[in-house]
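Here's the structure we're looking at; comments come further down.
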Amino acid sequence: MRAGIVALYLSVMEQGDTLRDRRLLVVDDDVEMRNALIALLETDGCQVVGASNGLEALDCLRKIPRPDVILLDLMMPIKDGWEFRVAQKRDAALASIPVVAMSADDSPKAAAIDAEGYVKKPFKYPELVASIVRVMQAKRLAHLDRLASLGTLAAGIAHEINNPLTYVVNNLAMVDHDLPRLLGECTALMQRMLPNSPPPELAGWTHSMNELGVQLREAREGVDRIRKIVRGVQIFSRGSDEVRMPVHVEPILEQSVQLILGDVRQRAQLVKDYQPTPRVLANAGRLGQAFLNLLLNAIDATPEGEPQHNVVRIATKTDPSGSLVVEISDTGCGISPHDLARIFEPFFTTKPVGSGTGLGLSICHGIVTSLGGEITVASELGRGTTFRVVLPASVAWTERAAAPAPHAEVARARVLVVDDEPMVGVSLRRRLELDGIVAVAVTSGEEALALILGAGVNDAFDAIVCDLHMPGMTGMDVYGRLLSERPNLAKRMIFMTGGAFTTRSREFLERPGIKWIEKPCDLEIVRRMILEAGRPESTASRH
C-alpha cells in the first residue's frame, strides 16, 4: 500500500479550483492512504472528514454536514464497503449521497458495487478527481432534468388554467360593468313608484347591492392575482422559450418580484425605482429567469432577522445611448475581489455547499449576452452588491401601436371569435358587443372557414380573433388556408394562446405579420389589435 501512496503523491497535478469548497467523506481503513487523500483534497480547497470503516462512516454522516461525495474503500473490517452501501441506501436521509468506490480488488463483485463512480487502486490523483467531478456533474444534471420536467408540467397546468380564467375574467368584468347601471335603474324605478315615502327596505336593498359591488371588485382583484401567478409560471416554464418580441421590462420585473416577495420581506425592504425605459427585443420568460436569479442572489446575500436595516433595490432607466438599464442591488455581505473575477463561471458559487448549483449567474450572463446586452457587477465586502444589466432598445416597435384604440372606430368593427372552449368565445363575444362590435363566436377552425368562405367576400370580417391550439384544425391551419384563398383576411387574424408548446407554434408566432395575445386576454389590447388588424400599415406585435 505504501507504493500506492507514493504513486498517489507523484501523480498530483494542478487541479485549479475544481473541488474548491466541496465536502467529502473519506472512508478507508488504511490510515496512511486515508490521511494522504485528506491532505491532497484539503490542498485543493475541500472540507474533508475521515472514517476508518463503514460503521464509523455511518455515525459520521449523522453528525457532520452532508457531504457532496463519499470516497469509499471496499475491503474494511467491522463493516465493509458493501455493507455500508446497503445501510446507507436504507436510510432515507443518506441514500442520495453519491459514492465513489475505491478498491484494489479486481473481482466482478468489486466492479459491480452499487456506486456512482469507481476507481481501482492504485490510482493516480487526477483519476480520482475526475471521477469525483463526473459524479457531481451527473447529480447536477439530474437535478436540472427534474427542474425541466417540473417546468414542462407547470407550463401545461398554466395553459389549462388560462381557458377557464379567460371567461371568468370576462364574465366578472361584464357583471361589474352592468351592476352599477342596474342598481341605478332599480333605485330610480322604486323612487318613481313611491316618490313620497320610499319603504325602509329600499335603503337596505341599496346597501346590499353596494356591498355586492364591493365583493365583486374583490373577486376581480383575486382573479387578477391568479392571472399574474399563472403568467409568472408561464414566464419561468418552457412554454414559449424561443419567441422574441418587443417587451417592456417593468411587467417582467414585477412577475419576478411576485415570486420572491415572501422571502425578501423576511430579510430586507424592497425599493423600486422605475424610470421610463424603451422596449427591448427579448423573450419574456428568458429575461424573467435572469432577473429572478439576480433577485434570489440578492436575497441570499442578505442576512435574515433585521429587514429594517437591509435593502434590496430594483431600478430601471434609459442610458444616454438609449439602451435599457436595470440595476438590482442589495446591502448584503458582498463578494470578495478574488471571487468577483469568476462570478459568471459555470458551477462557480460563493454559497455554502448544498445551497446552490453555481449555474444561476452563468445562465444570467448567457441570457443577457444572447440579447446583445451586457451584465456587470460591482461589490464591496460588508457593503453589498449591484448587478447592472444593459440591453439595446428594440427598433421594431412604434409607440403609436401602444395608444388605446378609439371606441368609436372599434365599434364599427365586425369580428369573428374562434375558440374550441365555448365559454371563452361566448364571454369574449359578450364583452366586444358592449362596445357595439358585431361579434360571432364559433368553436372550431372548420366552422370558421365554412363561415368565412361561405360569405363569398374578402372583407366579411374586420378581424378574426382565433385560438392558436385547437383539436382538428388549429388556428395555424386556418391561417394557412386563408393565406391561399382569402389573403386579405389572413392578415386580419389575431391569435390567442395560453402557451406555444411546439416548435411549429413557436416558429409560427415569430413569422412577420403574425399578431398574437396571451390568455387571459386584456380587453383594451384586444380592442387596439382589432382596430390595427384592418390597417395595412400595422406591424406584427405581441401584447
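Ordering of the C-alpha cells sets the chain letters (A, B, ...); residue numbers start at 1 within each chain; ligands are numbered from 1 in the order shown.
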message: Residues within 10 Å of region 248-258 of chain A, please, as a PyMOL selection string. Count only C-alpha atoms; anything in the same chain fewer than 4 positions from it doesn't count.
response: chain A and resi 225+228-233+235-236+262+264+270+272+274-282+284-296+314-316+324-326+394
field: Non-local contacts of Trp82 (chain A) (7 Å; only C-alpha atoms; under 4 positions in same chain excluded) as a PyMOL selection string
entry: chain A and resi 74+86+113
Selection export as a compact mmCIF listing (two decimals), in the first residue's frame, atoms kept: N, CA, C and O atoms:
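What landed in result-v8.txt:
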# COMPACT_ATOMS: atom_id res chain seq x y z
N LEU A 74 -13.59 -0.55 -0.18
CA LEU A 74 -14.49 -1.70 -0.08
C LEU A 74 -14.04 -2.71 0.96
O LEU A 74 -14.86 -3.24 1.73
N VAL A 86 -25.31 -0.84 1.64
CA VAL A 86 -26.66 -1.35 1.92
C VAL A 86 -27.32 -0.53 3.03
O VAL A 86 -28.47 -0.11 2.93
N ILE A 113 -20.05 -2.99 -7.55
CA ILE A 113 -20.54 -2.27 -6.38
C ILE A 113 -21.56 -1.20 -6.79
O ILE A 113 -21.42 -0.53 -7.80
Show me, as a tab-separated table (two decimals) with C-alpha atoms, in the first residue's frame, the residues that have an atom within 8 Å of Met496 (chain A) when counting only C-alpha atoms, minus same-chain residues fewer than 6 positions from it.
chain	number	residue	atom	x	y	z
A	465	VAL	CA	-59.64	36.50	-33.12
A	466	CYS	CA	-58.58	32.85	-33.18
A	467	ASP	CA	-57.19	30.34	-30.67
A	468	LEU	CA	-53.76	29.07	-31.71
A	516	TRP	CA	-50.97	37.42	-31.06
A	517	ILE	CA	-52.03	37.90	-27.46
A	518	GLU	CA	-51.72	35.75	-24.35
A	519	LYS	CA	-54.72	34.41	-22.47
A	521	CYS	CA	-56.84	38.49	-22.88
- request: Please indicate the distance in Å from CA of Asp105 (chain A) to CA of Ile78 (chain A), rounded to one decimal place.
  value: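 Interatomic distance, CA of Asp105 (chain A) to CA of Ile78 (chain A): 17.9 Å.
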message: Env of region 90-98 of chain A: 9 Å cut, atoms = only C-alpha atoms, seq-sep filter 5 positions within chain, self excluded. Answer as a PyMOL selection string.
response: chain A and resi 58+61-62+66-71+85+115-117+135-136+139
message: Give me the residues near Gln47 (chain A) as an MDAnalysis selection string, where near means some atom within 7 Å (using only C-alpha atoms) and where sequence neighbours in that chain fewer than 5 positions away do not count.
response: chainID A and resid 21:24 42
Residue nearest Asp435 (chain A) among A:Val478, A:Ala110, A:Leu523, A:Ala36 (counting only C-alpha atoms):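 Using only C-alpha atoms, Asp435 (chain A) sits closest to A:Leu523.
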Spatial neighbours of Glu374 (chain A), 8 Å, only C-alpha atoms, chain gap at least 2 places, as a ChimeraX atom specification: /A:365,368-369,372,376,389-391
- request: Report the residues of region 38-193 of chain A whose backbone DSSP state falls under strand (DSSP E or B), written as a VMD selection string.
  value: chain A and resid 47 to 51 69 to 73 99 to 103 117 to 120
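The space separating CA of Val247 (chain A) from CA of Ala393 (chain A) comes to 9.8 Å.
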statement: The distance between CA of His309 (chain A) and CA of Pro337 (chain A) is 24.5 Å
message: So, with only C-alpha atoms as the atoms that count, which of A:Gly445, A:Met76, A:Val49, A:Asp522 lies closest to Lys63 (chain A)?
response: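 When distances to Lys63 (chain A) are compared using only C-alpha atoms, the smallest one comes from A:Val49.
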task: Based on DSSP run over this structure's backbone, return all residues of region 57-173 of chain A in alpha helix (DSSP H), as a ChimeraX atom specification.
output: /A:57-61,81-90,108-111,125-173
